[in-house]
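Read the structure below first, then the notes.
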Amino acid sequence: MLKKGSKLNSILTGTCPKCQNESMYLDKNPYNLLSTLKMHEKCSHCGLRYQIEPSFFYGAMYVSYGLNVAIGIAVFIISYVFLHSSIETAFIAIVSALIILFPLVLRGSRNLYINMFVSYKPNSKT
């Protein structure tokens, strides 16, 4: 499932989508909030520039919106439907989950977005 070469591996680990040999981020810990989105300029192994064009990752905001909506719906269903909490408690659970998962969603949306445009090619040099 998470074999090297799969899109899912690159998305979940934050590795270069082209060679999957190194992390795209300077700091692997997404909860280090000062460097959550700081990325290497390019992959040292295959030479892929992560900023494919100016403002490339603005498109990741749409992916982030979709992920946040999915998380909000999932938390609402779990808290309101399965745990039978009140609407107010479900709202607090949604807000809490979104705040806690914020750094993961930021990185996940970038990982997902770049993987939409770059395919795995293990032996290529840009």
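Each chain in the structure tokens gets a letter, A, B, ..., in the order shown, and its residues are numbered from 1; ligands are numbered from 1 in order too.
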Just list the residues in chain A DSSP gives alpha helix (DSSP H) on the backbone, as a ChimeraX atom specification.
/A:7-13,60-76,87-117
Which polymer residues have any atom within 8 Å of an atom of range 19-30 of chain A, counting only C-alpha atoms, with same-chain residues fewer than 5 positions away left out, as a ChimeraX atom specification?
/A:4-5,10,13-14,35-40,42-46,50,103-104,107,120-124
Please provide the set of residues having any atom within 10 Å of Asn111 in chain A, restricted to only C-alpha atoms, with same-chain residues fewer than 6 positions apart removed, written as a ChimeraX atom specification.
/A:7-8,10-17,24,57,60,63,105
How would the residues just chosen look if you wrote them out with all heavy atoms as an mmCIF file, in the first residue's frame?
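Okay, this is what ended up in out.cif:
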```cif
data_model
loop_
_atom_site.group_PDB
_atom_site.id
_atom_site.type_symbol
_atom_site.label_atom_id
_atom_site.label_comp_id
_atom_site.auth_asym_id
_atom_site.auth_seq_id
_atom_site.Cartn_x
_atom_site.Cartn_y
_atom_site.Cartn_z
ATOM 1 N N LYS A 7 1.607 7.085 -5.337
ATOM 2 C CA LYS A 7 1.244 8.464 -5.003
ATOM 3 C C LYS A 7 0.927 8.582 -3.508
ATOM 4 O O LYS A 7 1.292 9.556 -2.872
ATOM 5 C CB LYS A 7 0.029 8.912 -5.817
ATOM 6 C CG LYS A 7 0.275 9.022 -7.287
ATOM 7 C CD LYS A 7 0.570 10.428 -7.650
ATOM 8 C CE LYS A 7 0.680 10.536 -9.170
ATOM 9 N NZ LYS A 7 1.484 11.665 -9.531
ATOM 10 N N LEU A 8 0.279 7.563 -2.975
ATOM 11 C CA LEU A 8 -0.101 7.583 -1.564
ATOM 12 C C LEU A 8 1.128 7.672 -0.658
ATOM 13 O O LEU A 8 1.112 8.387 0.337
ATOM 14 C CB LEU A 8 -0.941 6.348 -1.225
ATOM 15 C CG LEU A 8 -1.636 6.336 0.109
ATOM 16 C CD1 LEU A 8 -2.567 7.534 0.255
ATOM 17 C CD2 LEU A 8 -2.406 5.054 0.305
ATOM 18 N N SER A 10 4.016 9.118 -1.383
ATOM 19 C CA SER A 10 4.522 10.481 -1.461
ATOM 20 C C SER A 10 3.622 11.463 -0.715
ATOM 21 O O SER A 10 4.107 12.366 -0.042
ATOM 22 C CB SER A 10 4.655 10.903 -2.926
ATOM 23 O OG SER A 10 5.093 12.236 -3.020
ATOM 24 N N ILE A 11 2.319 11.281 -0.818
ATOM 25 C CA ILE A 11 1.373 12.191 -0.157
ATOM 26 C C ILE A 11 1.476 12.073 1.361
ATOM 27 O O ILE A 11 1.535 13.066 2.072
ATOM 28 C CB ILE A 11 -0.066 11.916 -0.637
ATOM 29 C CG1 ILE A 11 -0.211 12.320 -2.104
ATOM 30 C CG2 ILE A 11 -1.085 12.642 0.224
ATOM 31 C CD1 ILE A 11 -1.473 11.818 -2.766
ATOM 32 N N LEU A 12 1.519 10.859 1.872
ATOM 33 C CA LEU A 12 1.526 10.659 3.328
ATOM 34 C C LEU A 12 2.879 10.942 3.971
ATOM 35 O O LEU A 12 2.942 11.329 5.132
ATOM 36 C CB LEU A 12 1.066 9.244 3.663
ATOM 37 C CG LEU A 12 -0.394 8.932 3.334
ATOM 38 C CD1 LEU A 12 -0.713 7.481 3.665
ATOM 39 C CD2 LEU A 12 -1.336 9.872 4.054
ATOM 40 N N THR A 13 3.965 10.741 3.241
ATOM 41 C CA THR A 13 5.291 10.950 3.821
ATOM 42 C C THR A 13 5.881 12.314 3.503
ATOM 43 O O THR A 13 6.844 12.724 4.139
ATOM 44 C CB THR A 13 6.270 9.867 3.343
ATOM 45 O OG1 THR A 13 6.374 9.923 1.913
ATOM 46 C CG2 THR A 13 5.837 8.487 3.793
ATOM 47 N N GLY A 14 5.320 13.028 2.508
ATOM 48 C CA GLY A 14 5.833 14.347 2.153
ATOM 49 C C GLY A 14 7.153 14.286 1.407
ATOM 50 O O GLY A 14 7.939 15.228 1.459
ATOM 51 N N THR A 15 7.387 13.181 0.710
ATOM 52 C CA THR A 15 8.630 13.053 -0.046
ATOM 53 C C THR A 15 8.459 13.590 -1.454
ATOM 54 O O THR A 15 7.342 13.814 -1.921
ATOM 55 C CB THR A 15 9.075 11.574 -0.122
ATOM 56 O OG1 THR A 15 8.014 10.794 -0.672
ATOM 57 C CG2 THR A 15 9.451 11.047 1.241
ATOM 58 N N CYS A 16 9.557 13.778 -2.130
ATOM 59 C CA CYS A 16 9.565 14.263 -3.509
ATOM 60 C C CYS A 16 8.669 13.365 -4.358
ATOM 61 O O CYS A 16 8.829 12.151 -4.360
ATOM 62 C CB CYS A 16 10.994 14.244 -4.053
ATOM 63 S SG CYS A 16 11.116 14.605 -5.812
ATOM 64 N N PRO A 17 7.719 13.940 -5.081
ATOM 65 C CA PRO A 17 6.811 13.101 -5.858
ATOM 66 C C PRO A 17 7.466 12.421 -7.059
ATOM 67 O O PRO A 17 6.962 11.426 -7.552
ATOM 68 C CB PRO A 17 5.728 14.078 -6.317
ATOM 69 C CG PRO A 17 6.343 15.410 -6.234
ATOM 70 C CD PRO A 17 7.376 15.345 -5.156
ATOM 71 N N MET A 24 10.303 16.880 1.163
ATOM 72 C CA MET A 24 10.207 18.196 0.523
ATOM 73 C C MET A 24 10.382 19.318 1.547
ATOM 74 O O MET A 24 10.690 20.436 1.183
ATOM 75 C CB MET A 24 8.830 18.369 -0.147
ATOM 76 C CG MET A 24 8.591 17.474 -1.319
ATOM 77 S SD MET A 24 7.078 17.893 -2.217
ATOM 78 C CE MET A 24 5.813 17.498 -1.009
ATOM 79 N N PHE A 57 1.597 26.843 -5.217
ATOM 80 C CA PHE A 57 0.869 26.224 -4.119
ATOM 81 C C PHE A 57 -0.385 26.995 -3.694
ATOM 82 O O PHE A 57 -1.054 26.597 -2.749
ATOM 83 C CB PHE A 57 1.799 25.974 -2.932
ATOM 84 C CG PHE A 57 2.727 24.823 -3.170
ATOM 85 C CD1 PHE A 57 4.081 25.037 -3.347
ATOM 86 C CD2 PHE A 57 2.257 23.533 -3.246
ATOM 87 C CE1 PHE A 57 4.932 23.976 -3.580
ATOM 88 C CE2 PHE A 57 3.093 22.464 -3.478
ATOM 89 C CZ PHE A 57 4.437 22.690 -3.649
ATOM 90 N N ALA A 60 -3.217 24.745 -3.743
ATOM 91 C CA ALA A 60 -3.366 23.823 -2.618
ATOM 92 C C ALA A 60 -4.403 24.327 -1.613
ATOM 93 O O ALA A 60 -4.903 23.545 -0.808
ATOM 94 C CB ALA A 60 -2.024 23.615 -1.924
ATOM 95 N N VAL A 63 -7.526 22.438 -2.214
ATOM 96 C CA VAL A 63 -7.409 21.086 -1.658
ATOM 97 C C VAL A 63 -7.580 21.145 -0.144
ATOM 98 O O VAL A 63 -8.266 20.310 0.447
ATOM 99 C CB VAL A 63 -6.053 20.448 -2.039
ATOM 100 C CG1 VAL A 63 -5.887 19.090 -1.394
ATOM 101 C CG2 VAL A 63 -5.918 20.359 -3.556
ATOM 102 N N VAL A 105 -3.127 19.254 7.770
ATOM 103 C CA VAL A 105 -3.928 19.590 6.590
ATOM 104 C C VAL A 105 -3.132 20.492 5.653
ATOM 105 O O VAL A 105 -3.175 20.327 4.432
ATOM 106 C CB VAL A 105 -5.270 20.243 7.003
ATOM 107 C CG1 VAL A 105 -5.989 20.818 5.808
ATOM 108 C CG2 VAL A 105 -6.147 19.237 7.708
#
```
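Using only C-alpha atoms, the smallest distance between any of A:Phe102, A:Tyr113, A:Ser55, A:Val75 and Asn32 in chain A comes from A:Phe102.
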I'd like the contact shell of Ile52 in chain A - 12 Å cut-off, only C-alpha atoms, skipping same-chain residues fewer than 2 positions apart - returned as a VMD selection string.
chain A and resid 41 to 42 47 to 50 54 to 59 113 to 115 117 to 118
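Using only C-alpha atoms for every distance, the candidate list A:Ile71, A:Leu106, A:Leu112, A:Val81 yields A:Ile71 as the residue closest to Ile94 in chain A.
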Extract, using only C-alpha atoms, all DNA, RNA and protein residues at most 10 Å from Ala90 in chain A, discarding same-chain residues fewer than 6 positions from it, and format them as a count of residues only.
11
Could you give me the residues within range 8-94 of chain A that DSSP places in strand (DSSP E or B), as an MDAnalysis selection string?
chainID A and resid 15 23 25 39 42 49
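Coordinates place CA of Leu98 in chain A at a distance of 18.4 Å from CA of Leu34 in chain A.
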